[in-house]
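Below: structure-v6.pdb (PDB, C-alpha atoms)
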ATOM      1  CA  MET A 296     -13.372   5.416  19.689
ATOM      2  CA  ARG A 297     -11.492   2.145  20.223
ATOM      3  CA  ILE A 298      -7.865   1.587  19.229
ATOM      4  CA  GLY A 299      -6.387  -1.722  18.121
ATOM      5  CA  ALA A 300      -3.452  -3.253  16.276
ATOM      6  CA  MET A 301      -2.890  -5.996  13.734
ATOM      7  CA  ASN A 302      -1.154  -9.267  14.467
ATOM      8  CA  HIS A 303       1.986 -10.202  12.560
ATOM      9  CA  PRO A 304       0.991 -13.210  10.409
ATOM     10  CA  GLY A 305       4.405 -14.730  11.083
ATOM     11  CA  ALA A 306       3.829 -14.798  14.853
ATOM     12  CA  GLU A 307       1.769 -17.051  17.129
ATOM     13  CA  VAL A 308      -1.652 -15.443  17.525
ATOM     14  CA  THR A 309      -2.275 -15.923  21.251
ATOM     15  CA  ARG A 310       1.065 -14.273  22.007
ATOM     16  CA  GLU A 311       0.073 -11.361  19.800
ATOM     17  CA  ILE A 312      -3.163 -11.052  21.748
ATOM     18  CA  ALA A 313      -1.225 -11.043  25.033
ATOM     19  CA  TRP A 314       1.130  -8.188  24.181
ATOM     20  CA  MET A 315      -1.652  -6.090  22.681
ATOM     21  CA  ALA A 316      -3.663  -6.452  25.868
ATOM     22  CA  ALA A 317      -0.599  -5.573  27.953
ATOM     23  CA  MET A 318      -0.151  -2.431  25.835
ATOM     24  CA  GLY A 319      -3.720  -1.378  26.553
ATOM     25  CA  MET A 320      -5.203  -1.977  23.117
ATOM     26  CA  ASP A 321      -8.964  -2.407  22.892
ATOM     27  CA  PHE A 322      -9.058  -5.036  20.145
ATOM     28  CA  ILE A 323      -6.996  -7.099  17.742
ATOM     29  CA  ASP A 324      -7.354  -6.680  13.992
ATOM     30  CA  LEU A 325      -6.834 -10.377  13.297
ATOM     31  CA  THR A 326      -5.392 -10.999   9.844
ATOM     32  CA  MET A 327      -5.789 -14.611   8.769
ATOM     33  CA  GLU A 328      -2.914 -15.495   6.499
ATOM     34  CA  PRO A 329       0.226 -17.666   6.364
ATOM     35  CA  PRO A 330       2.748 -18.461   7.606
ATOM     36  CA  CYS A 331       1.357 -18.693  11.151
ATOM     37  CA  ALA A 332      -2.202 -17.335  11.108
ATOM     38  CA  ALA A 333      -4.019 -19.045   8.246
ATOM     39  CA  SER A 334      -7.566 -20.370   8.579
ATOM     40  CA  TRP A 335      -6.357 -23.977   8.530
ATOM     41  CA  GLN A 336      -3.746 -23.346  11.239
ATOM     42  CA  LEU A 337      -5.739 -21.686  14.013
ATOM     43  CA  ASP A 338      -8.058 -23.194  16.611
ATOM     44  CA  PRO A 339     -11.035 -20.854  17.071
ATOM     45  CA  GLN A 340     -11.732 -22.101  20.594
ATOM     46  CA  LYS A 341      -8.144 -21.390  21.638
ATOM     47  CA  VAL A 342      -8.196 -17.927  20.053
ATOM     48  CA  ARG A 343     -11.578 -17.052  21.574
ATOM     49  CA  ALA A 344     -10.390 -18.165  25.011
ATOM     50  CA  ALA A 345      -7.313 -15.924  24.685
ATOM     51  CA  LEU A 346      -9.470 -12.960  23.663
ATOM     52  CA  GLU A 347     -11.781 -13.471  26.639
ATOM     53  CA  ARG A 348      -8.878 -13.999  29.048
ATOM     54  CA  HIS A 349      -7.241 -10.723  27.979
ATOM     55  CA  GLY A 350     -10.440  -8.723  27.490
ATOM     56  CA  LEU A 351      -9.931  -7.925  23.798
ATOM     57  CA  SER A 352     -12.555  -7.758  21.084
ATOM     58  CA  VAL A 353     -11.722  -8.592  17.468
ATOM     59  CA  VAL A 354     -12.143  -7.330  13.909
ATOM     60  CA  GLY A 355     -11.621  -9.753  11.028
ATOM     61  CA  HIS A 356      -9.045  -9.199   8.298
ATOM     62  CA  THR A 357      -8.179 -11.375   5.288
ATOM     63  CA  ALA A 358      -5.067 -11.547   3.110
ATOM     64  CA  TYR A 359      -4.827  -8.635   0.689
ATOM     65  CA  TYR A 360      -3.603 -10.872  -2.137
ATOM     66  CA  LEU A 361      -6.527 -13.283  -2.461
ATOM     67  CA  PRO A 362      -7.480 -13.324  -6.186
ATOM     68  CA  ILE A 363     -11.239 -12.893  -5.833
ATOM     69  CA  ALA A 364     -11.496 -11.353  -9.329
ATOM     70  CA  SER A 365      -9.111 -13.682 -11.116
ATOM     71  CA  PRO A 366      -9.859 -14.333 -14.804
ATOM     72  CA  PHE A 367      -9.027 -17.954 -13.973
ATOM     73  CA  GLU A 368     -12.378 -19.103 -12.626
ATOM     74  CA  GLU A 369     -10.966 -21.950 -10.539
ATOM     75  CA  LEU A 370      -8.604 -19.541  -8.769
ATOM     76  CA  ARG A 371     -11.485 -17.154  -8.084
ATOM     77  CA  LYS A 372     -13.557 -19.974  -6.594
ATOM     78  CA  VAL A 373     -10.701 -21.101  -4.347
ATOM     79  CA  ALA A 374     -10.190 -17.528  -3.105
ATOM     80  CA  VAL A 375     -13.904 -17.229  -2.308
ATOM     81  CA  GLU A 376     -13.825 -20.554  -0.472
ATOM     82  CA  GLU A 377     -10.898 -19.349   1.649
ATOM     83  CA  CYS A 378     -12.899 -16.238   2.545
ATOM     84  CA  ARG A 379     -15.809 -18.485   3.541
ATOM     85  CA  ARG A 380     -13.524 -20.399   5.901
ATOM     86  CA  CYS A 381     -12.414 -17.084   7.377
ATOM     87  CA  LEU A 382     -16.050 -16.076   7.871
ATOM     88  CA  ASP A 383     -16.665 -19.310   9.786
ATOM     89  CA  PHE A 384     -13.631 -18.684  11.965
ATOM     90  CA  PHE A 385     -14.550 -15.088  12.720
ATOM     91  CA  ALA A 386     -18.105 -16.099  13.556
ATOM     92  CA  ALA A 387     -16.723 -18.652  16.024
ATOM     93  CA  ILE A 388     -14.559 -16.082  17.838
ATOM     94  CA  GLY A 389     -17.160 -13.307  17.908
ATOM     95  CA  ALA A 390     -15.938 -10.880  15.234
ATOM     96  CA  PRO A 391     -18.801  -8.705  13.951
ATOM     97  CA  TRP A 392     -17.049  -7.717  10.700
ATOM     98  CA  MET A 393     -14.538  -9.188   8.245
ATOM     99  CA  ASN A 394     -12.743  -7.196   5.582
ATOM    100  CA  VAL A 395     -12.110  -8.228   1.985
ATOM    101  CA  HIS A 396      -9.697  -6.486  -0.377
ATOM    102  CA  PRO A 397     -10.984  -5.845  -3.899
ATOM    103  CA  ASP A 398      -8.814  -7.569  -6.485
ATOM    104  CA  SER A 399      -7.527  -5.396  -9.333
ATOM    105  CA  HIS A 400      -5.035  -7.877 -10.813
ATOM    106  CA  CYS A 401      -6.765  -8.678 -14.096
ATOM    107  CA  PRO A 402      -4.169  -8.013 -16.837
ATOM    108  CA  LEU A 403      -5.527  -7.342 -20.330
ATOM    109  CA  HIS A 404      -9.089  -7.156 -19.002
ATOM    110  CA  THR A 405     -11.324  -4.118 -18.721
ATOM    111  CA  LYS A 406     -12.101  -2.292 -15.511
ATOM    112  CA  LYS A 407     -15.709  -3.419 -15.886
ATOM    113  CA  PHE A 408     -14.515  -7.022 -15.854
ATOM    114  CA  SER A 409     -12.645  -6.396 -12.600
ATOM    115  CA  ILE A 410     -15.646  -4.706 -10.976
ATOM    116  CA  ASP A 411     -18.050  -7.420 -12.116
ATOM    117  CA  LYS A 412     -15.817 -10.264 -10.877
ATOM    118  CA  ASN A 413     -15.232  -8.597  -7.512
ATOM    119  CA  LEU A 414     -18.952  -8.043  -7.144
ATOM    120  CA  GLN A 415     -19.696 -11.658  -8.083
ATOM    121  CA  SER A 416     -17.341 -12.924  -5.374
ATOM    122  CA  LEU A 417     -18.650 -10.481  -2.772
ATOM    123  CA  GLN A 418     -22.239 -11.458  -3.523
ATOM    124  CA  GLU A 419     -21.363 -15.129  -3.124
ATOM    125  CA  LEU A 420     -19.652 -14.379   0.182
ATOM    126  CA  ALA A 421     -22.582 -12.291   1.385
ATOM    127  CA  VAL A 422     -24.849 -15.328   1.250
ATOM    128  CA  HIS A 423     -22.591 -17.201   3.673
ATOM    129  CA  ALA A 424     -21.953 -14.080   5.782
ATOM    130  CA  ARG A 425     -25.677 -13.752   6.441
ATOM    131  CA  LYS A 426     -25.848 -17.371   7.605
ATOM    132  CA  VAL A 427     -23.003 -17.016  10.114
ATOM    133  CA  GLY A 428     -23.811 -13.466  11.269
ATOM    134  CA  VAL A 429     -20.605 -11.673  10.226
ATOM    135  CA  GLY A 430     -20.711  -8.517   8.144
ATOM    136  CA  ILE A 431     -18.436  -8.038   5.123
ATOM    137  CA  MET A 432     -16.644  -4.763   4.447
ATOM    138  CA  VAL A 433     -14.319  -3.768   1.613
ATOM    139  CA  GLU A 434     -11.070  -1.878   2.109
ATOM    140  CA  ASN A 435      -9.952   0.824  -0.297
ATOM    141  CA  ILE A 436      -6.637  -0.215  -1.816
ATOM    142  CA  PRO A 437      -3.716   1.835  -3.203
ATOM    143  CA  GLY A 438      -3.556   2.664  -6.880
ATOM    144  CA  ASN A 439      -6.146   3.766  -9.397
ATOM    145  CA  ASP A 440      -8.644   0.948  -8.793
ATOM    146  CA  PHE A 441     -10.943   0.809  -5.750
ATOM    147  CA  ASN A 442      -9.447   3.848  -4.046
ATOM    148  CA  SER A 443     -12.113   6.341  -5.037
ATOM    149  CA  ALA A 444     -15.716   7.000  -4.096
ATOM    150  CA  GLN A 445     -16.836   6.108  -7.610
ATOM    151  CA  ASP A 446     -15.094   2.736  -7.820
ATOM    152  CA  LEU A 447     -16.149   1.725  -4.316
ATOM    153  CA  GLY A 448     -19.674   2.821  -5.192
ATOM    154  CA  ALA A 449     -19.732   0.323  -8.046
ATOM    155  CA  LEU A 450     -19.398  -2.410  -5.422
ATOM    156  CA  PHE A 451     -21.742  -0.824  -2.883
ATOM    157  CA  ASP A 452     -24.496  -0.343  -5.466
ATOM    158  CA  GLY A 453     -24.584  -4.073  -6.093
ATOM    159  CA  LEU A 454     -24.630  -5.155  -2.453
ATOM    160  CA  PRO A 455     -26.683  -3.047  -0.022
ATOM    161  CA  GLU A 456     -25.266  -4.594   3.188
ATOM    162  CA  LEU A 457     -21.599  -4.221   2.199
ATOM    163  CA  GLY A 458     -19.617  -2.090   4.666
ATOM    164  CA  LEU A 459     -16.713   0.304   4.148
ATOM    165  CA  HIS A 460     -13.325  -0.327   5.722
ATOM    166  CA  LEU A 461     -11.580   3.006   5.177
ATOM    167  CA  ASP A 462      -7.784   2.935   5.088
ATOM    168  CA  LEU A 463      -6.758   6.563   5.509
ATOM    169  CA  GLY A 464      -3.123   5.818   4.712
ATOM    170  CA  HIS A 465      -4.157   4.385   1.357
ATOM    171  CA  CYS A 466      -6.125   7.543   0.618
ATOM    172  CA  ASN A 467      -2.847   9.479   0.682
ATOM    173  CA  LEU A 468      -1.369   7.177  -1.990
ATOM    174  CA  SER A 469      -4.095   7.897  -4.496
ATOM    175  CA  PRO A 470      -3.645  10.595  -7.140
ATOM    176  CA  ILE A 471      -7.141  11.842  -6.279
ATOM    177  CA  PRO A 472      -7.023  14.999  -4.114
ATOM    178  CA  GLN A 473      -8.957  15.006  -0.823
ATOM    179  CA  ASN A 474      -9.783  11.379  -1.402
ATOM    180  CA  ALA A 475     -10.806  10.560   2.160
ATOM    181  CA  GLU A 476     -13.328  13.386   2.214
ATOM    182  CA  LYS A 477     -14.826  12.333  -1.119
ATOM    183  CA  ILE A 478     -15.155   8.706  -0.046
ATOM    184  CA  LEU A 479     -16.834   9.723   3.202
ATOM    185  CA  GLU A 480     -19.111  12.251   1.507
ATOM    186  CA  ALA A 481     -20.440   9.441  -0.656
ATOM    187  CA  HIS A 482     -20.254   6.463   1.697
ATOM    188  CA  ALA A 483     -20.052   7.585   5.343
ATOM    189  CA  GLY A 484     -23.194   5.587   6.059
ATOM    190  CA  ARG A 485     -21.268   2.421   5.160
ATOM    191  CA  LEU A 486     -18.261   3.119   7.403
ATOM    192  CA  ARG A 487     -17.567   0.201   9.746
ATOM    193  CA  HIS A 488     -13.819   0.238  10.456
ATOM    194  CA  VAL A 489     -10.719   2.421   9.920
ATOM    195  CA  HIS A 490      -7.010   1.817   9.363
ATOM    196  CA  LEU A 491      -4.644   4.642  10.256
ATOM    197  CA  HIS A 492      -0.921   4.882   9.485
ATOM    198  CA  ASP A 493       1.413   7.434   7.954
ATOM    199  CA  ASN A 494       3.324   7.620   4.669
ATOM    200  CA  LYS A 495       4.993  10.152   2.399
ATOM    201  CA  GLY A 496       2.617   9.953  -0.544
ATOM    202  CA  GLY A 497       3.585   8.570  -3.919
ATOM    203  CA  GLU A 498       3.388   4.812  -4.335
ATOM    204  CA  GLU A 499       5.087   3.551  -1.156
ATOM    205  CA  ASP A 500       2.647   2.109   1.372
ATOM    206  CA  LEU A 501       5.107   2.580   4.239
ATOM    207  CA  HIS A 502       2.891   2.006   7.301
ATOM    208  CA  LEU A 503       4.828   4.545   9.356
ATOM    209  CA  PRO A 504       4.038   5.700  12.893
ATOM    210  CA  LEU A 505       1.708   8.678  13.109
ATOM    211  CA  GLY A 506       3.635  11.888  12.545
ATOM    212  CA  ALA A 507       6.517  10.222  10.681
ATOM    213  CA  GLY A 508       5.109  10.945   7.228
ATOM    214  CA  LYS A 509       3.211  13.696   5.442
ATOM    215  CA  ILE A 510      -0.417  12.940   6.282
ATOM    216  CA  ASP A 511      -2.250  15.674   8.185
ATOM    217  CA  MET A 512      -3.380  13.432  11.037
ATOM    218  CA  PRO A 513      -5.431  16.042  12.962
ATOM    219  CA  ARG A 514      -7.366  16.611   9.744
ATOM    220  CA  MET A 515      -8.016  12.879   9.376
ATOM    221  CA  VAL A 516      -9.388  12.794  12.917
ATOM    222  CA  ARG A 517     -11.581  15.818  12.249
ATOM    223  CA  ILE A 518     -13.172  14.325   9.131
ATOM    224  CA  LEU A 519     -13.887  11.058  10.939
ATOM    225  CA  LYS A 520     -15.546  12.851  13.824
ATOM    226  CA  ALA A 521     -17.432  15.154  11.444
ATOM    227  CA  CYS A 522     -19.200  12.174   9.900
ATOM    228  CA  GLY A 523     -20.109  10.844  13.344
ATOM    229  CA  TYR A 524     -17.646   7.963  13.443
ATOM    230  CA  ASP A 525     -16.717   6.694  16.904
ATOM    231  CA  GLY A 526     -15.795   3.068  16.213
ATOM    232  CA  THR A 527     -12.697   0.909  15.810
ATOM    233  CA  ILE A 528      -9.413   2.312  14.479
ATOM    234  CA  THR A 529      -6.491  -0.006  13.780
ATOM    235  CA  LEU A 530      -3.072   1.588  14.034
ATOM    236  CA  GLU A 531      -1.433  -0.273  11.160
ATOM    237  CA  VAL A 532       2.089   0.686  12.216
ATOM    238  CA  PHE A 533       4.523  -1.963  11.015
ATOM    239  CA  SER A 534       7.687  -1.866  13.090
ATOM    240  CA  SER A 535       9.515  -4.356  15.290
ATOM    241  CA  GLU A 536       9.957  -1.516  17.811
ATOM    242  CA  ARG A 537       6.615  -1.421  19.596
ATOM    243  CA  HIS A 538       7.205   1.947  21.244
ATOM    244  CA  TYR A 539       6.313   3.467  17.837
ATOM    245  CA  LEU A 540       2.902   1.850  18.132
ATOM    246  CA  GLU A 541       2.523   3.114  21.702
ATOM    247  CA  HIS A 542       3.481   6.619  20.576
ATOM    248  CA  SER A 543       0.910   6.448  17.764
ATOM    249  CA  ARG A 544      -1.758   5.243  20.207
ATOM    250  CA  ASP A 545      -1.102   8.130  22.593
ATOM    251  CA  LEU A 546      -1.007  10.633  19.738
ATOM    252  CA  LEU A 547      -4.311   9.388  18.345
ATOM    253  CA  ARG A 548      -5.969   9.611  21.753
ATOM    254  CA  SER A 549      -4.720  13.158  22.167
ATOM    255  CA  MET A 550      -5.872  14.213  18.694
ATOM    256  CA  TRP A 551      -9.251  12.577  19.200
ATOM    257  CA  ALA A 552      -9.799  14.452  22.457
ATOM    258  CA  ALA A 553      -8.889  17.732  20.739
ATOM    259  CA  GLY A 554     -10.535  17.041  17.384
ATOM    260  CA  ASP A 555     -13.957  18.591  17.855
TER     261      ASP A 555
END
As a first step, turn the structure in this file into structure tokens.
Amino acid sequence: MRIGAMNHPGAEVTREIAWMAAMGMDFIDLTMEPPCAASWQLDPQKVRAALERHGLSVVGHTAYYLPIASPFEELRKVAVEECRRCLDFFAAIGAPWMNVHPDSHCPLHTKKFSIDKNLQSLQELAVHARKVGVGIMVENIPGNDFNSAQDLGALFDGLPELGLHLDLGHCNLSPIPQNAEKILEAHAGRLRHVHLHDNKGGEEDLHLPLGAGKIDMPRMVRILKACGYDGTITLEVFSSERHYLEHSRDLLRSMWAAGD
């Protein structure tokens, strides 16, 4: 198991890499988005050199608000093109996987429309992903769409190589009981990356330190280990006080060692 953190998109990326390495993180979950970390702002050679200098690997992350299922076709195409640029960047810095967030913002349209448009965009991206050698994975998102085994399966069925980026914090925001278990029962073979953070349920995606909310963290560790997962876990703890991230890192390591 390898533990990493996500850069703040409002901060200079090489400085983010430096403090993560100093904290003892194994990788950076590099989110490419404005105001300071967009695809058109970063130099891949500079970022790769910083990663190599500090001994960090990298997982690719894209902005959660890209409208890849927009009913406005020109907007959808622009969002897909931005994801292509991100794929090129992540290929250049050695990231094996890049996440994409399914888009459920299709007012007055059916759920089938949303699924079909997401799948269309993902299939278009998969063509480019194969060329550059970066895998694509989809992250489960809060709410009623794309946060269940069934809805994620609608995407997986149409794209055999698509990976699963499981956000365990988001699972706690869904009205579906034991959602993480059900997603893993259906799609554990697709699991490529994990986000872990705490919250108090309901609709607030709080990104709290581990233990500060209501999620049974030892249980989350047990279900990951039960399906044989031993890969990258991003502690998506959003706080300006970094000792909360350090505490979460140490707690995760302890739980992982005791989670058999």
Report as JSON, numbers by chain the full result of the PyMOL selection byres ((chain A and resi 396-407) around 10) when it is applied to this structure. {"A": [356, 357, 358, 359, 360, 361, 362, 363, 364, 365, 366, 367, 394, 395, 408, 409, 410, 411, 412, 413, 414, 416, 417, 432, 433, 434, 435, 436, 438, 439, 440, 441, 442, 446, 447, 449, 450, 460]}
Region 450-454 of chain A: axis-aligned bounding box, 4 Å on each side, centre and edge lengths in Å, one decimal, as AutoDock Vina command-line options:
--center_x -22.0 --center_y -2.7 --center_z -4.3 --size_x 13.2 --size_y 12.8 --size_z 11.6
Mind dumping a table of every region 435-477 of chain A residue within 8 Å of region 485-502 of chain A, with the nearest atom pair and its distance in Å to one decimal, using only C-alpha atoms, sorted by chain and rising number, as a tab-separated table?
residue	atom	partner	partner_atom	distance
A:Pro437	CA	A:Glu498	CA	7.8
A:Gly438	CA	A:Glu498	CA	7.7
A:Leu457	CA	A:Arg485	CA	7.3
A:Gly458	CA	A:Arg485	CA	4.8
A:Leu459	CA	A:Leu486	CA	4.6
A:His460	CA	A:His488	CA	4.8
A:Leu461	CA	A:Val489	CA	4.9
A:Asp462	CA	A:His490	CA	4.5
A:Leu463	CA	A:Leu491	CA	5.5
A:Gly464	CA	A:His492	CA	5.3
A:His465	CA	A:Asp500	CA	7.2
A:Asn467	CA	A:Gly496	CA	5.6
A:Leu468	CA	A:Gly496	CA	5.1
A:Ser469	CA	A:Gly497	CA	7.7
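Among A:Pro391, A:Phe384, A:Gly526, A:Arg425, the residue with the shortest atom-to-atom distance to Arg343 (chain A), counting all atoms listed in the file, is A:Phe384.
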Name all residues at most 12 Å from Ala344 (chain A) (count only C-alpha atoms; drop same-chain ones fewer than 5 positions away) and give them as a PDB file with C-alpha atoms, keeping the file's coordinate frame.
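Output below, filename out.pdb:
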ATOM      1  CA  VAL A 308      -1.652 -15.443  17.525  1.00  0.00           C
ATOM      2  CA  THR A 309      -2.275 -15.923  21.251  1.00  0.00           C
ATOM      3  CA  ILE A 312      -3.163 -11.052  21.748  1.00  0.00           C
ATOM      4  CA  ALA A 313      -1.225 -11.043  25.033  1.00  0.00           C
ATOM      5  CA  ASP A 338      -8.058 -23.194  16.611  1.00  0.00           C
ATOM      6  CA  PRO A 339     -11.035 -20.854  17.071  1.00  0.00           C
ATOM      7  CA  HIS A 349      -7.241 -10.723  27.979  1.00  0.00           C
ATOM      8  CA  GLY A 350     -10.440  -8.723  27.490  1.00  0.00           C
ATOM      9  CA  LEU A 351      -9.931  -7.925  23.798  1.00  0.00           C
ATOM     10  CA  SER A 352     -12.555  -7.758  21.084  1.00  0.00           C
ATOM     11  CA  ALA A 387     -16.723 -18.652  16.024  1.00  0.00           C
ATOM     12  CA  ILE A 388     -14.559 -16.082  17.838  1.00  0.00           C
ATOM     13  CA  GLY A 389     -17.160 -13.307  17.908  1.00  0.00           C
TER      14      GLY A 389
END
Here is a test: counting only C-alpha atoms, which residue of A:Met550, A:Leu346, A:Ala333, A:Leu503 is nearest to Ser535 (chain A)? A:Leu503
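CA of Val354 (chain A) sits 11.7 Å away from CA of Cys381 (chain A).
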Residue nearest Met393 (chain A) - candidates A:Thr529, A:Thr326, A:Gln473, A:Ser534, atoms counted: all atoms listed in the file: A:Thr326
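A straight line drawn from CA of Pro304 (chain A) to CA of Ala332 (chain A) is 5.3 Å long.
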Output check: residues returned by the PyMOL selection byres ((chain A and resi 322) around 7), as a ChimeraX atom specification: /A:298-299,320-321,323-324,351-353
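Compared by their closest atoms to Met318 (chain A), and using all atoms listed in the file, the residues A:Ser334, A:Ala300, A:Gln415, A:Val516 rank with A:Ala300 nearest.
Counting from CA of Glu531 (chain A), the distance to CA of Glu376 (chain A) is 26.5 Å.
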Exactly which residues make up the result of the PyMOL selection byres ((chain A and resi 506) around 9) on this file, given as an MDAnalysis selection string? chainID A and resid 492:494 503:505 507:512 543 546
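Proximity of A:Gly453, A:Gly523, A:Pro513, A:Gly319 to Gly484 (chain A), computed with only C-alpha atoms, is greatest for A:Gly523.
In this comparison, which uses all atoms listed in the file, the residue of A:Thr527, A:Ala521, A:Val373, A:Lys341 approaching Trp392 (chain A) most closely is A:Thr527.
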Where atoms are lacking, region 413-437 of chain A completed to N, CA and C atoms, as a CSV table (one decimal), in the coordinates of the input:
chain,number,residue,atom,x,y,z
A,413,ASN,N,-15.3,-8.9,-8.9
A,413,ASN,CA,-15.2,-8.6,-7.5
A,413,ASN,C,-16.6,-8.7,-6.9
A,414,LEU,N,-17.6,-8.1,-7.6
A,414,LEU,CA,-19.0,-8.0,-7.1
A,414,LEU,C,-19.5,-9.5,-7.1
A,415,GLN,N,-19.2,-10.3,-8.1
A,415,GLN,CA,-19.7,-11.7,-8.1
A,415,GLN,C,-19.2,-12.4,-6.8
A,416,SER,N,-17.9,-12.2,-6.5
A,416,SER,CA,-17.3,-12.9,-5.4
A,416,SER,C,-17.9,-12.4,-4.1
A,417,LEU,N,-18.1,-11.1,-4.0
A,417,LEU,CA,-18.6,-10.5,-2.8
A,417,LEU,C,-20.1,-10.9,-2.6
A,418,GLN,N,-20.9,-11.0,-3.6
A,418,GLN,CA,-22.2,-11.5,-3.5
A,418,GLN,C,-22.3,-12.9,-3.1
A,419,GLU,N,-21.4,-13.7,-3.6
A,419,GLU,CA,-21.4,-15.1,-3.1
A,419,GLU,C,-21.0,-15.2,-1.6
A,420,LEU,N,-20.0,-14.4,-1.2
A,420,LEU,CA,-19.7,-14.4,0.2
A,420,LEU,C,-20.8,-13.8,1.1
A,421,ALA,N,-21.5,-12.9,0.6
A,421,ALA,CA,-22.6,-12.3,1.4
A,421,ALA,C,-23.6,-13.3,1.8
A,422,VAL,N,-23.9,-14.3,0.9
A,422,VAL,CA,-24.8,-15.3,1.2
A,422,VAL,C,-24.4,-16.1,2.5
A,423,HIS,N,-23.1,-16.5,2.5
A,423,HIS,CA,-22.6,-17.2,3.7
A,423,HIS,C,-22.5,-16.3,4.9
A,424,ALA,N,-22.1,-15.0,4.7
A,424,ALA,CA,-22.0,-14.1,5.8
A,424,ALA,C,-23.3,-13.9,6.5
A,425,ARG,N,-24.4,-13.9,5.8
A,425,ARG,CA,-25.7,-13.8,6.4
A,425,ARG,C,-26.0,-15.0,7.3
A,426,LYS,N,-25.6,-16.1,6.8
A,426,LYS,CA,-25.8,-17.4,7.6
A,426,LYS,C,-25.1,-17.4,8.9
A,427,VAL,N,-23.8,-16.9,8.9
A,427,VAL,CA,-23.0,-17.0,10.1
A,427,VAL,C,-23.0,-15.7,11.0
A,428,GLY,N,-23.6,-14.7,10.5
A,428,GLY,CA,-23.8,-13.5,11.3
A,428,GLY,C,-22.6,-12.6,11.3
A,429,VAL,N,-21.8,-12.6,10.3
A,429,VAL,CA,-20.6,-11.7,10.2
A,429,VAL,C,-20.8,-10.8,9.0
A,430,GLY,N,-20.6,-9.5,9.2
A,430,GLY,CA,-20.7,-8.5,8.1
A,430,GLY,C,-19.4,-8.5,7.3
A,431,ILE,N,-19.6,-8.2,6.0
A,431,ILE,CA,-18.4,-8.0,5.1
A,431,ILE,C,-18.2,-6.6,4.8
A,432,MET,N,-17.0,-6.1,4.8
A,432,MET,CA,-16.6,-4.8,4.4
A,432,MET,C,-15.5,-4.8,3.5
A,433,VAL,N,-15.4,-3.8,2.6
A,433,VAL,CA,-14.3,-3.8,1.6
A,433,VAL,C,-13.4,-2.6,2.0
A,434,GLU,N,-12.1,-2.9,1.8
A,434,GLU,CA,-11.1,-1.9,2.1
A,434,GLU,C,-10.6,-1.2,0.8
A,435,ASN,N,-10.5,0.1,0.8
A,435,ASN,CA,-10.0,0.8,-0.3
A,435,ASN,C,-8.5,0.5,-0.4
A,436,ILE,N,-8.0,0.2,-1.6
A,436,ILE,CA,-6.6,-0.2,-1.8
A,436,ILE,C,-5.9,0.8,-2.6
A,437,PRO,N,-4.5,0.8,-2.5
A,437,PRO,CA,-3.7,1.8,-3.2
A,437,PRO,C,-3.8,1.6,-4.7
